[in-house]
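These notes are about the structure you will find just below.
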Amino acid sequence: MPDVVELTKALIGAESVTPARGSVFDVLEQALLPLDFRVERFVEGEAPDGPVENLLAVRGQGGPHLAFAGHLDVVPPGEGWSSGAFAPEIRGDLLYGRGAVDMKGAIAAFVAAAAQVPARGTTSLIITGDEEGPATYGTPKLIERMAERDLTPDCCVVGEPTSANRLGDTIKIGRRGSTVIDIAVIGRQGHVAYPHLADNPVPRLVRALAEIDAIELDQGNAWFQPSNIEVIDLSVGNQATNVIPGRAAARISIRFNDQQRGPHLIARIREIVARHAPTAEVRGRVYGEAFLTEPGPLSELVSGAIRDVLGVDAELSTTGGTSDARFLSRVCPVVEFGLLNATMHKLDEAVALADLHALTQVYAEILRRV
Ligand SMILES: [Zn+2]
């Protein structure tokens, strides 16, 4: 029977800065094989977005099929840790190490839960080595692989760290979408003393940004806060005091709810920019569309398990950044529930040992109720 703390330590000890492959997957595979999971690993992609390793583990057969999804890659540790980021260390009640809460601890908790509970139907783990990066070869490839195997799940729990102040206080039933748009206004460089011979791109860009900044996209709705546009970068790079610059650029980031669609937002920005600067270049990338699993059987199952094990009423939320749930939500209902997110991506990322044990019990209860 795998011990959740020991397995979390072993996973942290296998360094796995995104995109991850190799030893960290060896550790997980070795934990799953004795529990009767059929484990399939595959590496896909090339630089810069790959290569990425993915792992699909399946136990049992037929319905219902509950999938647990997560990632073994971590963000780079940065400088200044009190102990080694990849040398897991227990100090007091906490286990320190990169990935402790995001999200090796949750993966270990699910494995420990699966060891306790032989759930009916099919139980699977969908584990990628690229969630923190572009995710090109990660969860989308796992979903394709599952469809090829006729193993599309009926519902999915993603083990991202969703808890805010205490374990179980928040589960996520959706996420906002995200798009980043780069604007470059091309003018004609010239001498400040001869403005009629130049075309200054800066006022054009400023006027376009003022109009963009004034947009109120929507009011939000029952499950989402209002969509928001932020201008996050402005660059001209003009070091001279007597030169009208030839180029001015800006970057805007939009986090949007399920009333908006990424491509439509990009088109709207392009139209505004074109009115102020007809030759401007506008390039947008949609990192994820907004999605929502309407409150229903899955969110009730998860919040019921949390209530019974932890005595906490979970809030249903759609806040925070994007996650791989955006891909999984196209396939089946998805709920995200995991550890406290206070230290994720930070120096001295840490998980409470008690939370690892408690999360194991909640995941076990979810498996019992499927
Ligand atoms: Zn994560």
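If you're wondering about the labels, chains in the structure tokens are A, B, ... by order shown, residues count from 1 in each chain, ligands from 1 in order shown.
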Kindly compile the residues surrounding ligand 1 within 7 Å, counting only C-alpha atoms and all ligand atoms, and format them as a PyMOL selection string. chain A and resi 71+102-103+131-132+160-161
Next, dump the selected residues to file, keeping only all heavy atoms, as a compact mmCIF listing (two decimals), in the first residue's frame.
# COMPACT_ATOMS: atom_id res chain seq x y z
N HIS A 71 -0.75 16.67 -13.61
CA HIS A 71 0.52 16.85 -14.31
C HIS A 71 1.69 16.62 -13.37
O HIS A 71 1.63 16.97 -12.19
CB HIS A 71 0.61 18.25 -14.94
CG HIS A 71 0.54 19.38 -13.97
ND1 HIS A 71 1.66 19.91 -13.36
CD2 HIS A 71 -0.51 20.09 -13.48
CE1 HIS A 71 1.29 20.92 -12.57
NE2 HIS A 71 -0.02 21.04 -12.61
N ASP A 102 1.43 21.63 -6.24
CA ASP A 102 1.07 21.78 -7.68
C ASP A 102 1.96 20.89 -8.51
O ASP A 102 2.96 21.35 -9.02
CB ASP A 102 1.20 23.25 -8.09
CG ASP A 102 0.67 23.51 -9.49
OD1 ASP A 102 0.05 22.61 -10.07
OD2 ASP A 102 0.88 24.62 -10.00
N MET A 103 1.56 19.61 -8.73
CA MET A 103 0.53 18.92 -8.00
C MET A 103 0.88 17.47 -7.74
O MET A 103 0.07 16.58 -7.85
CB MET A 103 -0.82 19.04 -8.70
CG MET A 103 -0.73 18.62 -10.18
SD MET A 103 -2.39 18.51 -10.95
CE MET A 103 -2.93 16.94 -10.28
N GLU A 131 1.82 20.57 -18.39
CA GLU A 131 0.66 21.43 -18.10
C GLU A 131 1.13 22.85 -17.89
O GLU A 131 0.45 23.79 -18.26
CB GLU A 131 -0.07 20.92 -16.85
CG GLU A 131 -1.45 21.55 -16.63
CD GLU A 131 -1.40 22.88 -15.88
OE1 GLU A 131 -0.36 23.20 -15.27
OE2 GLU A 131 -2.41 23.60 -15.90
N GLU A 132 2.31 23.00 -17.32
CA GLU A 132 2.83 24.33 -16.99
C GLU A 132 3.38 25.04 -18.23
O GLU A 132 3.60 26.25 -18.20
CB GLU A 132 3.92 24.23 -15.92
CG GLU A 132 3.47 23.56 -14.61
CD GLU A 132 2.53 24.42 -13.81
OE1 GLU A 132 2.13 25.50 -14.28
OE2 GLU A 132 2.18 24.01 -12.69
N GLU A 160 -5.80 19.82 -9.44
CA GLU A 160 -5.09 21.10 -9.26
C GLU A 160 -5.35 21.65 -7.85
O GLU A 160 -6.39 21.39 -7.26
CB GLU A 160 -5.57 22.12 -10.29
CG GLU A 160 -5.09 21.85 -11.70
CD GLU A 160 -3.61 22.12 -11.89
OE1 GLU A 160 -3.00 22.79 -11.03
OE2 GLU A 160 -3.05 21.63 -12.89
N PRO A 161 -4.40 22.43 -7.33
CA PRO A 161 -4.59 23.00 -5.99
C PRO A 161 -5.66 24.10 -6.01
O PRO A 161 -5.37 25.23 -6.38
CB PRO A 161 -3.22 23.55 -5.62
CG PRO A 161 -2.51 23.76 -6.92
CD PRO A 161 -3.09 22.78 -7.90
Excluding A:Arg275 and its own-chain neighbours fewer than 3 positions away, which residues fall within 12 Å of it when counting only C-alpha atoms? Please give them as an MDAnalysis selection string. chainID A and resid 185 204:205 207:209 211:212 268:272 278:280
Those same residues - C-alpha atoms - I'd like them written as an mmCIF file, in the first residue's frame.
data_model
loop_
_atom_site.group_PDB
_atom_site.id
_atom_site.type_symbol
_atom_site.label_atom_id
_atom_site.label_comp_id
_atom_site.auth_asym_id
_atom_site.auth_seq_id
_atom_site.Cartn_x
_atom_site.Cartn_y
_atom_site.Cartn_z
ATOM 1 C CA VAL A 185 1.767 50.121 -35.063
ATOM 2 C CA ARG A 204 -2.237 56.154 -32.964
ATOM 3 C CA LEU A 205 -1.444 53.348 -30.559
ATOM 4 C CA ARG A 207 -5.785 56.296 -29.033
ATOM 5 C CA ALA A 208 -6.469 52.659 -29.899
ATOM 6 C CA LEU A 209 -5.489 51.542 -26.391
ATOM 7 C CA GLU A 211 -10.662 52.874 -26.735
ATOM 8 C CA ILE A 212 -9.777 49.269 -25.888
ATOM 9 C CA ARG A 268 -12.893 43.062 -32.098
ATOM 10 C CA ILE A 269 -9.482 44.373 -31.032
ATOM 11 C CA ARG A 270 -8.229 44.184 -34.614
ATOM 12 C CA GLU A 271 -11.173 46.286 -35.805
ATOM 13 C CA ILE A 272 -10.515 49.007 -33.218
ATOM 14 C CA PRO A 278 -4.860 50.930 -40.656
ATOM 15 C CA THR A 279 -1.487 49.276 -41.275
ATOM 16 C CA ALA A 280 -0.988 47.974 -37.756
#
Per-residue DSSP, stretch 104-267 of chain A, filtered to alpha helix (DSSP H), as a ChimeraX atom specification: /A:105-116,139-148,201-213,262-267
Tell me, as JSON, numbers by chain, which residues lie within 12 Å of stretch 141-150 of chain A, counting only C-alpha atoms; anything in the same chain fewer than 5 positions away does not count. {"A": [40, 41, 42, 43, 44, 45, 52, 53, 54, 55, 56, 57, 58, 61, 62, 63, 65, 67, 69, 70, 71, 124, 125, 126, 127, 128, 129, 130, 131, 135, 136, 156, 324, 325, 326, 327, 328, 329, 330, 331, 332]}
Skipping near chain neighbours, those fewer than 6 positions away, what residues fall within 9 Å of A:Leu234 using only C-alpha atoms, listed as a list of chain:residue names?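 Final neighbour list, sorted by chain and number: A:Ala248, A:Ala249, A:Ala250, A:Arg251.
Taking atom CA of A:Val231 and atom CA of A:His264 as the two end points, the separation is 17.9 Å.
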Closest to A:Pro226 among A:Thr293, A:Gln259, A:Asn165, A:Thr152, using only C-alpha atoms? A:Gln259
Could you name the residues that touch A:Pro263 at 12 Å or less, counting only C-alpha atoms, but leaving out those on the same chain fewer than 3 positions away, as a list in words?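 In the requested form, the answer reads Gly177, Ser178, Thr179, Val180, Ile181, Ile254, Phe256, Gln260, Ile266, Ala267, Arg268, Ile269, Arg270, Arg283, Gly284, Arg285, Val286, Tyr287, Gly288 and Glu289 of chain A.
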Could you please take those selected residues and save all heavy atoms as a short mmCIF file (atom, residue, chain, number, x, y, z; two decimals), in the first residue's frame?
data_model
loop_
_atom_site.label_atom_id
_atom_site.label_comp_id
_atom_site.auth_asym_id
_atom_site.auth_seq_id
_atom_site.Cartn_x
_atom_site.Cartn_y
_atom_site.Cartn_z
N GLY A 177 -11.55 31.96 -19.89
CA GLY A 177 -10.66 31.81 -21.03
C GLY A 177 -9.57 32.86 -20.98
O GLY A 177 -9.61 33.81 -20.18
N SER A 178 -8.59 32.70 -21.84
CA SER A 178 -7.44 33.60 -21.84
C SER A 178 -6.94 33.83 -23.26
O SER A 178 -6.76 32.87 -24.02
CB SER A 178 -6.33 32.98 -20.98
OG SER A 178 -5.10 33.63 -21.20
N THR A 179 -6.74 35.09 -23.60
CA THR A 179 -6.10 35.39 -24.87
C THR A 179 -5.12 36.54 -24.68
O THR A 179 -5.33 37.42 -23.84
CB THR A 179 -7.13 35.73 -25.97
OG1 THR A 179 -6.44 36.06 -27.17
CG2 THR A 179 -8.00 36.91 -25.60
N VAL A 180 -4.03 36.46 -25.41
CA VAL A 180 -3.03 37.53 -25.40
C VAL A 180 -2.91 38.06 -26.82
O VAL A 180 -2.81 37.29 -27.77
CB VAL A 180 -1.66 37.01 -24.90
CG1 VAL A 180 -0.59 38.08 -25.04
CG2 VAL A 180 -1.78 36.56 -23.45
N ILE A 181 -2.95 39.40 -26.94
CA ILE A 181 -2.95 40.03 -28.27
C ILE A 181 -1.81 41.03 -28.35
O ILE A 181 -1.68 41.91 -27.50
CB ILE A 181 -4.30 40.73 -28.53
CG1 ILE A 181 -5.45 39.72 -28.36
CG2 ILE A 181 -4.32 41.35 -29.93
CD1 ILE A 181 -6.83 40.35 -28.37
N ILE A 254 -6.49 39.32 -22.09
CA ILE A 254 -7.92 39.31 -21.77
C ILE A 254 -8.26 37.99 -21.08
O ILE A 254 -7.95 36.92 -21.59
CB ILE A 254 -8.80 39.46 -23.03
CG1 ILE A 254 -8.37 40.68 -23.85
CG2 ILE A 254 -10.27 39.55 -22.65
CD1 ILE A 254 -9.16 40.87 -25.14
N PHE A 256 -11.53 36.04 -19.94
CA PHE A 256 -12.94 36.20 -20.31
C PHE A 256 -13.81 35.03 -19.87
O PHE A 256 -13.33 33.91 -19.71
CB PHE A 256 -13.06 36.43 -21.81
CG PHE A 256 -12.43 35.36 -22.67
CD1 PHE A 256 -13.16 34.28 -23.12
CD2 PHE A 256 -11.09 35.45 -23.03
CE1 PHE A 256 -12.59 33.30 -23.92
CE2 PHE A 256 -10.50 34.47 -23.81
CZ PHE A 256 -11.25 33.40 -24.26
N GLN A 260 -18.00 35.11 -23.86
CA GLN A 260 -17.09 35.57 -24.91
C GLN A 260 -16.40 34.38 -25.56
O GLN A 260 -16.30 33.31 -24.96
CB GLN A 260 -16.02 36.50 -24.32
CG GLN A 260 -16.53 37.59 -23.42
CD GLN A 260 -17.29 38.68 -24.17
OE1 GLN A 260 -17.14 38.83 -25.39
NE2 GLN A 260 -18.11 39.42 -23.47
N ILE A 266 -10.38 38.75 -30.41
CA ILE A 266 -9.23 39.18 -31.23
C ILE A 266 -9.73 40.01 -32.41
O ILE A 266 -9.17 41.07 -32.73
CB ILE A 266 -8.43 37.95 -31.71
CG1 ILE A 266 -7.78 37.26 -30.50
CG2 ILE A 266 -7.36 38.37 -32.73
CD1 ILE A 266 -7.19 35.90 -30.81
N ALA A 267 -10.80 39.57 -33.05
CA ALA A 267 -11.35 40.31 -34.19
C ALA A 267 -11.81 41.70 -33.77
O ALA A 267 -11.63 42.69 -34.49
CB ALA A 267 -12.51 39.52 -34.81
N ARG A 268 -12.40 41.77 -32.59
CA ARG A 268 -12.89 43.06 -32.10
C ARG A 268 -11.74 44.04 -31.85
O ARG A 268 -11.83 45.22 -32.19
CB ARG A 268 -13.69 42.82 -30.81
CG ARG A 268 -14.39 44.03 -30.30
CD ARG A 268 -15.42 43.65 -29.27
NE ARG A 268 -15.93 44.85 -28.62
CZ ARG A 268 -16.75 44.82 -27.59
NH1 ARG A 268 -17.18 43.68 -27.10
NH2 ARG A 268 -17.17 45.95 -27.04
N ILE A 269 -10.66 43.53 -31.27
CA ILE A 269 -9.48 44.37 -31.03
C ILE A 269 -8.87 44.81 -32.37
O ILE A 269 -8.49 45.98 -32.55
CB ILE A 269 -8.43 43.60 -30.19
CG1 ILE A 269 -9.00 43.25 -28.82
CG2 ILE A 269 -7.13 44.42 -30.09
CD1 ILE A 269 -9.40 44.42 -27.96
N ARG A 270 -8.81 43.88 -33.30
CA ARG A 270 -8.23 44.18 -34.61
C ARG A 270 -9.01 45.31 -35.30
O ARG A 270 -8.42 46.22 -35.89
CB ARG A 270 -8.24 42.91 -35.47
CG ARG A 270 -7.63 43.08 -36.84
CD ARG A 270 -7.46 41.75 -37.56
NE ARG A 270 -6.32 41.01 -37.05
CZ ARG A 270 -6.34 39.74 -36.64
NH1 ARG A 270 -7.46 39.07 -36.70
NH2 ARG A 270 -5.25 39.16 -36.20
N ARG A 283 -1.73 40.48 -33.66
CA ARG A 283 -1.60 39.02 -33.59
C ARG A 283 -2.13 38.54 -32.25
O ARG A 283 -1.65 38.95 -31.21
CB ARG A 283 -0.13 38.60 -33.70
CG ARG A 283 0.43 38.73 -35.10
CD ARG A 283 1.58 37.77 -35.34
NE ARG A 283 2.13 38.01 -36.65
CZ ARG A 283 3.07 38.93 -36.89
NH1 ARG A 283 3.56 39.64 -35.89
NH2 ARG A 283 3.50 39.12 -38.12
N GLY A 284 -3.11 37.66 -32.31
CA GLY A 284 -3.70 37.15 -31.08
C GLY A 284 -3.49 35.66 -30.95
O GLY A 284 -3.42 34.95 -31.94
N ARG A 285 -3.37 35.19 -29.70
CA ARG A 285 -3.32 33.75 -29.45
C ARG A 285 -4.31 33.43 -28.33
O ARG A 285 -4.29 34.05 -27.27
CB ARG A 285 -1.90 33.35 -29.04
CG ARG A 285 -1.81 31.88 -28.71
CD ARG A 285 -0.39 31.37 -28.62
NE ARG A 285 -0.41 29.95 -28.26
CZ ARG A 285 0.66 29.24 -27.95
NH1 ARG A 285 1.85 29.79 -27.97
NH2 ARG A 285 0.56 27.98 -27.62
N VAL A 286 -5.15 32.45 -28.58
CA VAL A 286 -6.12 32.02 -27.57
C VAL A 286 -5.49 30.88 -26.79
O VAL A 286 -5.20 29.83 -27.34
CB VAL A 286 -7.44 31.56 -28.23
CG1 VAL A 286 -8.42 31.12 -27.15
CG2 VAL A 286 -8.03 32.67 -29.08
N TYR A 287 -5.27 31.10 -25.50
CA TYR A 287 -4.67 30.06 -24.66
C TYR A 287 -5.71 29.09 -24.13
O TYR A 287 -5.38 27.98 -23.72
CB TYR A 287 -3.88 30.69 -23.51
CG TYR A 287 -2.60 31.31 -24.01
CD1 TYR A 287 -2.58 32.62 -24.50
CD2 TYR A 287 -1.43 30.58 -24.06
CE1 TYR A 287 -1.42 33.18 -25.00
CE2 TYR A 287 -0.26 31.13 -24.55
CZ TYR A 287 -0.26 32.43 -25.02
OH TYR A 287 0.89 32.97 -25.52
N GLY A 288 -6.95 29.51 -24.14
CA GLY A 288 -8.02 28.61 -23.71
C GLY A 288 -9.33 29.34 -23.76
O GLY A 288 -9.38 30.54 -23.48
N GLU A 289 -10.37 28.63 -24.18
CA GLU A 289 -11.71 29.20 -24.12
C GLU A 289 -12.26 29.00 -22.70
O GLU A 289 -11.85 28.09 -21.98
CB GLU A 289 -12.62 28.51 -25.14
CG GLU A 289 -12.24 28.75 -26.59
CD GLU A 289 -12.52 30.19 -27.05
OE1 GLU A 289 -13.22 30.93 -26.33
OE2 GLU A 289 -12.02 30.55 -28.13
#
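By only C-alpha atoms, and with residues fewer than 4 positions from A:Pro64 along its chain excluded, the set lying at most 9 Å from it is Arg120, Gly121, Thr122, Thr123, Pro153, Asp154, Cys155 and Val370 of chain A.
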Let's have the selection written as a PDB file, in the first residue's frame, with all heavy atoms.
ATOM      1  N   ARG A 120     -15.948   0.699  -8.520  1.00  0.00           N
ATOM      2  CA  ARG A 120     -16.617  -0.043  -9.599  1.00  0.00           C
ATOM      3  C   ARG A 120     -16.327   0.632 -10.930  1.00  0.00           C
ATOM      4  O   ARG A 120     -15.856   1.765 -10.976  1.00  0.00           O
ATOM      5  CB  ARG A 120     -18.120  -0.135  -9.323  1.00  0.00           C
ATOM      6  CG  ARG A 120     -18.849   1.171  -9.336  1.00  0.00           C
ATOM      7  CD  ARG A 120     -20.216   1.064  -8.639  1.00  0.00           C
ATOM      8  NE  ARG A 120     -20.900   2.351  -8.732  1.00  0.00           N
ATOM      9  CZ  ARG A 120     -21.785   2.646  -9.674  1.00  0.00           C
ATOM     10  NH1 ARG A 120     -22.094   1.751 -10.606  1.00  0.00           N
ATOM     11  NH2 ARG A 120     -22.361   3.841  -9.704  1.00  0.00           N
ATOM     12  N   GLY A 121     -16.618  -0.093 -12.001  1.00  0.00           N
ATOM     13  CA  GLY A 121     -16.390   0.468 -13.332  1.00  0.00           C
ATOM     14  C   GLY A 121     -14.907   0.644 -13.613  1.00  0.00           C
ATOM     15  O   GLY A 121     -14.080  -0.175 -13.244  1.00  0.00           O
ATOM     16  N   THR A 122     -14.588   1.746 -14.253  1.00  0.00           N
ATOM     17  CA  THR A 122     -13.213   2.015 -14.679  1.00  0.00           C
ATOM     18  C   THR A 122     -12.663   3.227 -13.930  1.00  0.00           C
ATOM     19  O   THR A 122     -13.364   4.229 -13.764  1.00  0.00           O
ATOM     20  CB  THR A 122     -13.180   2.305 -16.201  1.00  0.00           C
ATOM     21  OG1 THR A 122     -13.760   1.196 -16.890  1.00  0.00           O
ATOM     22  CG2 THR A 122     -11.756   2.523 -16.691  1.00  0.00           C
ATOM     23  N   THR A 123     -11.433   3.093 -13.477  1.00  0.00           N
ATOM     24  CA  THR A 123     -10.719   4.229 -12.881  1.00  0.00           C
ATOM     25  C   THR A 123      -9.483   4.474 -13.735  1.00  0.00           C
ATOM     26  O   THR A 123      -8.765   3.532 -14.064  1.00  0.00           O
ATOM     27  CB  THR A 123     -10.273   3.910 -11.437  1.00  0.00           C
ATOM     28  OG1 THR A 123     -11.417   3.505 -10.674  1.00  0.00           O
ATOM     29  CG2 THR A 123      -9.636   5.128 -10.785  1.00  0.00           C
ATOM     30  N   PRO A 153     -13.721   9.057 -20.634  1.00  0.00           N
ATOM     31  CA  PRO A 153     -14.333   8.978 -19.296  1.00  0.00           C
ATOM     32  C   PRO A 153     -15.743   9.563 -19.233  1.00  0.00           C
ATOM     33  O   PRO A 153     -16.142  10.358 -20.074  1.00  0.00           O
ATOM     34  CB  PRO A 153     -13.367   9.795 -18.424  1.00  0.00           C
ATOM     35  CG  PRO A 153     -12.484  10.554 -19.337  1.00  0.00           C
ATOM     36  CD  PRO A 153     -12.571   9.952 -20.698  1.00  0.00           C
ATOM     37  N   ASP A 154     -16.477   9.141 -18.199  1.00  0.00           N
ATOM     38  CA  ASP A 154     -17.812   9.710 -17.951  1.00  0.00           C
ATOM     39  C   ASP A 154     -17.708  10.996 -17.142  1.00  0.00           C
ATOM     40  O   ASP A 154     -18.578  11.858 -17.222  1.00  0.00           O
ATOM     41  CB  ASP A 154     -18.671   8.705 -17.184  1.00  0.00           C
ATOM     42  CG  ASP A 154     -18.888   7.430 -17.991  1.00  0.00           C
ATOM     43  OD1 ASP A 154     -19.282   7.537 -19.165  1.00  0.00           O
ATOM     44  OD2 ASP A 154     -18.633   6.338 -17.451  1.00  0.00           O
ATOM     45  N   CYS A 155     -16.676  11.091 -16.328  1.00  0.00           N
ATOM     46  CA  CYS A 155     -16.475  12.306 -15.544  1.00  0.00           C
ATOM     47  C   CYS A 155     -15.016  12.364 -15.119  1.00  0.00           C
ATOM     48  O   CYS A 155     -14.318  11.345 -15.136  1.00  0.00           O
ATOM     49  CB  CYS A 155     -17.390  12.366 -14.322  1.00  0.00           C
ATOM     50  SG  CYS A 155     -17.197  10.985 -13.208  1.00  0.00           S
ATOM     51  N   VAL A 370     -18.627   6.842  -6.731  1.00  0.00           N
ATOM     52  CA  VAL A 370     -18.816   6.889  -8.194  1.00  0.00           C
ATOM     53  C   VAL A 370     -19.879   5.890  -8.624  1.00  0.00           C
ATOM     54  O   VAL A 370     -19.894   4.768  -8.169  1.00  0.00           O
ATOM     55  CB  VAL A 370     -17.469   6.587  -8.908  1.00  0.00           C
ATOM     56  CG1 VAL A 370     -17.725   6.297 -10.378  1.00  0.00           C
ATOM     57  CG2 VAL A 370     -16.543   7.763  -8.765  1.00  0.00           C
TER      58      VAL A 370
END
Nearest to A:Leu28, chosen from A:Thr8, A:Asn257, A:Asn228, A:Thr343, with only C-alpha atoms counted in the distances: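 With only C-alpha atoms as the atom set, the closest residue is A:Thr8.
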DSSP strand (DSSP E) selection over stretch 295-357 of chain A, as a PDB file with all heavy atoms, in the first residue's frame:
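And here's result.pdb as it stands now:
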ATOM      1  N   GLU A 315     -17.035  25.923  -1.772  1.00  0.00           N
ATOM      2  CA  GLU A 315     -17.588  26.926  -2.672  1.00  0.00           C
ATOM      3  C   GLU A 315     -17.285  26.508  -4.108  1.00  0.00           C
ATOM      4  O   GLU A 315     -16.185  26.036  -4.410  1.00  0.00           O
ATOM      5  CB  GLU A 315     -16.934  28.278  -2.382  1.00  0.00           C
ATOM      6  CG  GLU A 315     -17.476  29.414  -3.226  1.00  0.00           C
ATOM      7  CD  GLU A 315     -16.606  30.671  -3.155  1.00  0.00           C
ATOM      8  OE1 GLU A 315     -15.899  30.848  -2.139  1.00  0.00           O
ATOM      9  OE2 GLU A 315     -16.644  31.450  -4.118  1.00  0.00           O
ATOM     10  N   LEU A 316     -18.268  26.675  -5.001  1.00  0.00           N
ATOM     11  CA  LEU A 316     -18.058  26.366  -6.411  1.00  0.00           C
ATOM     12  C   LEU A 316     -17.549  27.626  -7.091  1.00  0.00           C
ATOM     13  O   LEU A 316     -18.192  28.658  -7.064  1.00  0.00           O
ATOM     14  CB  LEU A 316     -19.358  25.918  -7.080  1.00  0.00           C
ATOM     15  CG  LEU A 316     -20.107  24.766  -6.410  1.00  0.00           C
ATOM     16  CD1 LEU A 316     -21.357  24.405  -7.206  1.00  0.00           C
ATOM     17  CD2 LEU A 316     -19.216  23.549  -6.259  1.00  0.00           C
ATOM     18  N   SER A 317     -16.367  27.544  -7.718  1.00  0.00           N
ATOM     19  CA  SER A 317     -15.701  28.745  -8.207  1.00  0.00           C
ATOM     20  C   SER A 317     -15.234  28.565  -9.646  1.00  0.00           C
ATOM     21  O   SER A 317     -15.037  27.445 -10.126  1.00  0.00           O
ATOM     22  CB  SER A 317     -14.489  29.029  -7.300  1.00  0.00           C
ATOM     23  OG  SER A 317     -13.612  29.941  -7.912  1.00  0.00           O
ATOM     24  N   VAL A 334     -16.263  18.040 -15.749  1.00  0.00           N
ATOM     25  CA  VAL A 334     -14.978  18.139 -15.046  1.00  0.00           C
ATOM     26  C   VAL A 334     -15.133  18.998 -13.794  1.00  0.00           C
ATOM     27  O   VAL A 334     -15.768  20.056 -13.834  1.00  0.00           O
ATOM     28  CB  VAL A 334     -13.905  18.809 -15.940  1.00  0.00           C
ATOM     29  CG1 VAL A 334     -12.571  18.906 -15.198  1.00  0.00           C
ATOM     30  CG2 VAL A 334     -13.715  18.045 -17.231  1.00  0.00           C
ATOM     31  N   VAL A 335     -14.540  18.534 -12.709  1.00  0.00           N
ATOM     32  CA  VAL A 335     -14.445  19.343 -11.499  1.00  0.00           C
ATOM     33  C   VAL A 335     -12.998  19.309 -11.048  1.00  0.00           C
ATOM     34  O   VAL A 335     -12.326  18.288 -11.175  1.00  0.00           O
ATOM     35  CB  VAL A 335     -15.389  18.785 -10.403  1.00  0.00           C
ATOM     36  CG1 VAL A 335     -14.945  19.215  -9.032  1.00  0.00           C
ATOM     37  CG2 VAL A 335     -16.823  19.225 -10.658  1.00  0.00           C
ATOM     38  N   GLU A 336     -12.498  20.423 -10.579  1.00  0.00           N
ATOM     39  CA  GLU A 336     -11.127  20.468 -10.072  1.00  0.00           C
ATOM     40  C   GLU A 336     -11.160  20.567  -8.554  1.00  0.00           C
ATOM     41  O   GLU A 336     -11.844  21.424  -7.996  1.00  0.00           O
ATOM     42  CB  GLU A 336     -10.383  21.684 -10.642  1.00  0.00           C
ATOM     43  CG  GLU A 336     -10.255  21.644 -12.155  1.00  0.00           C
ATOM     44  CD  GLU A 336      -9.615  22.910 -12.698  1.00  0.00           C
ATOM     45  OE1 GLU A 336      -8.445  23.156 -12.357  1.00  0.00           O
ATOM     46  OE2 GLU A 336     -10.276  23.645 -13.440  1.00  0.00           O
ATOM     47  N   ALA A 350       5.133  24.219  -0.206  1.00  0.00           N
ATOM     48  CA  ALA A 350       5.007  23.219   0.856  1.00  0.00           C
ATOM     49  C   ALA A 350       3.572  22.752   0.997  1.00  0.00           C
ATOM     50  O   ALA A 350       2.632  23.483   0.696  1.00  0.00           O
ATOM     51  CB  ALA A 350       5.483  23.809   2.190  1.00  0.00           C
ATOM     52  N   VAL A 351       3.444  21.507   1.476  1.00  0.00           N
ATOM     53  CA  VAL A 351       2.128  20.940   1.743  1.00  0.00           C
ATOM     54  C   VAL A 351       2.094  20.458   3.191  1.00  0.00           C
ATOM     55  O   VAL A 351       3.083  19.935   3.706  1.00  0.00           O
ATOM     56  CB  VAL A 351       1.822  19.776   0.768  1.00  0.00           C
ATOM     57  CG1 VAL A 351       2.835  18.650   0.908  1.00  0.00           C
ATOM     58  CG2 VAL A 351       0.401  19.264   0.945  1.00  0.00           C
ATOM     59  N   ALA A 352       0.950  20.639   3.841  1.00  0.00           N
ATOM     60  CA  ALA A 352       0.782  20.116   5.195  1.00  0.00           C
ATOM     61  C   ALA A 352       0.625  18.599   5.114  1.00  0.00           C
ATOM     62  O   ALA A 352      -0.145  18.089   4.307  1.00  0.00           O
ATOM     63  CB  ALA A 352      -0.438  20.745   5.855  1.00  0.00           C
TER      64      ALA A 352
END
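Between atom CA of A:Leu11 and atom CA of A:Pro77 the separation is 15.0 Å.
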Closest contacts (stretch 96-187 of chain A/stretch 220-223 of chain A, max 12 Å, only C-alpha atoms) as JSON lines:
{"residue": "A:Lys172", "atom": "CA", "partner": "A:Trp223", "partner_atom": "CA", "distance": 10.4}
{"residue": "A:Ile173", "atom": "CA", "partner": "A:Trp223", "partner_atom": "CA", "distance": 8.9}
{"residue": "A:Gly174", "atom": "CA", "partner": "A:Trp223", "partner_atom": "CA", "distance": 8.4}
{"residue": "A:Arg175", "atom": "CA", "partner": "A:Trp223", "partner_atom": "CA", "distance": 9.6}
{"residue": "A:Arg176", "atom": "CA", "partner": "A:Trp223", "partner_atom": "CA", "distance": 10.2}
From A:Leu151, A:Val157, A:Ala277, A:Pro19, residue lying nearest A:Pro48 [only C-alpha atoms]: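 For A:Pro48, the nearest of the candidates is A:Pro19.
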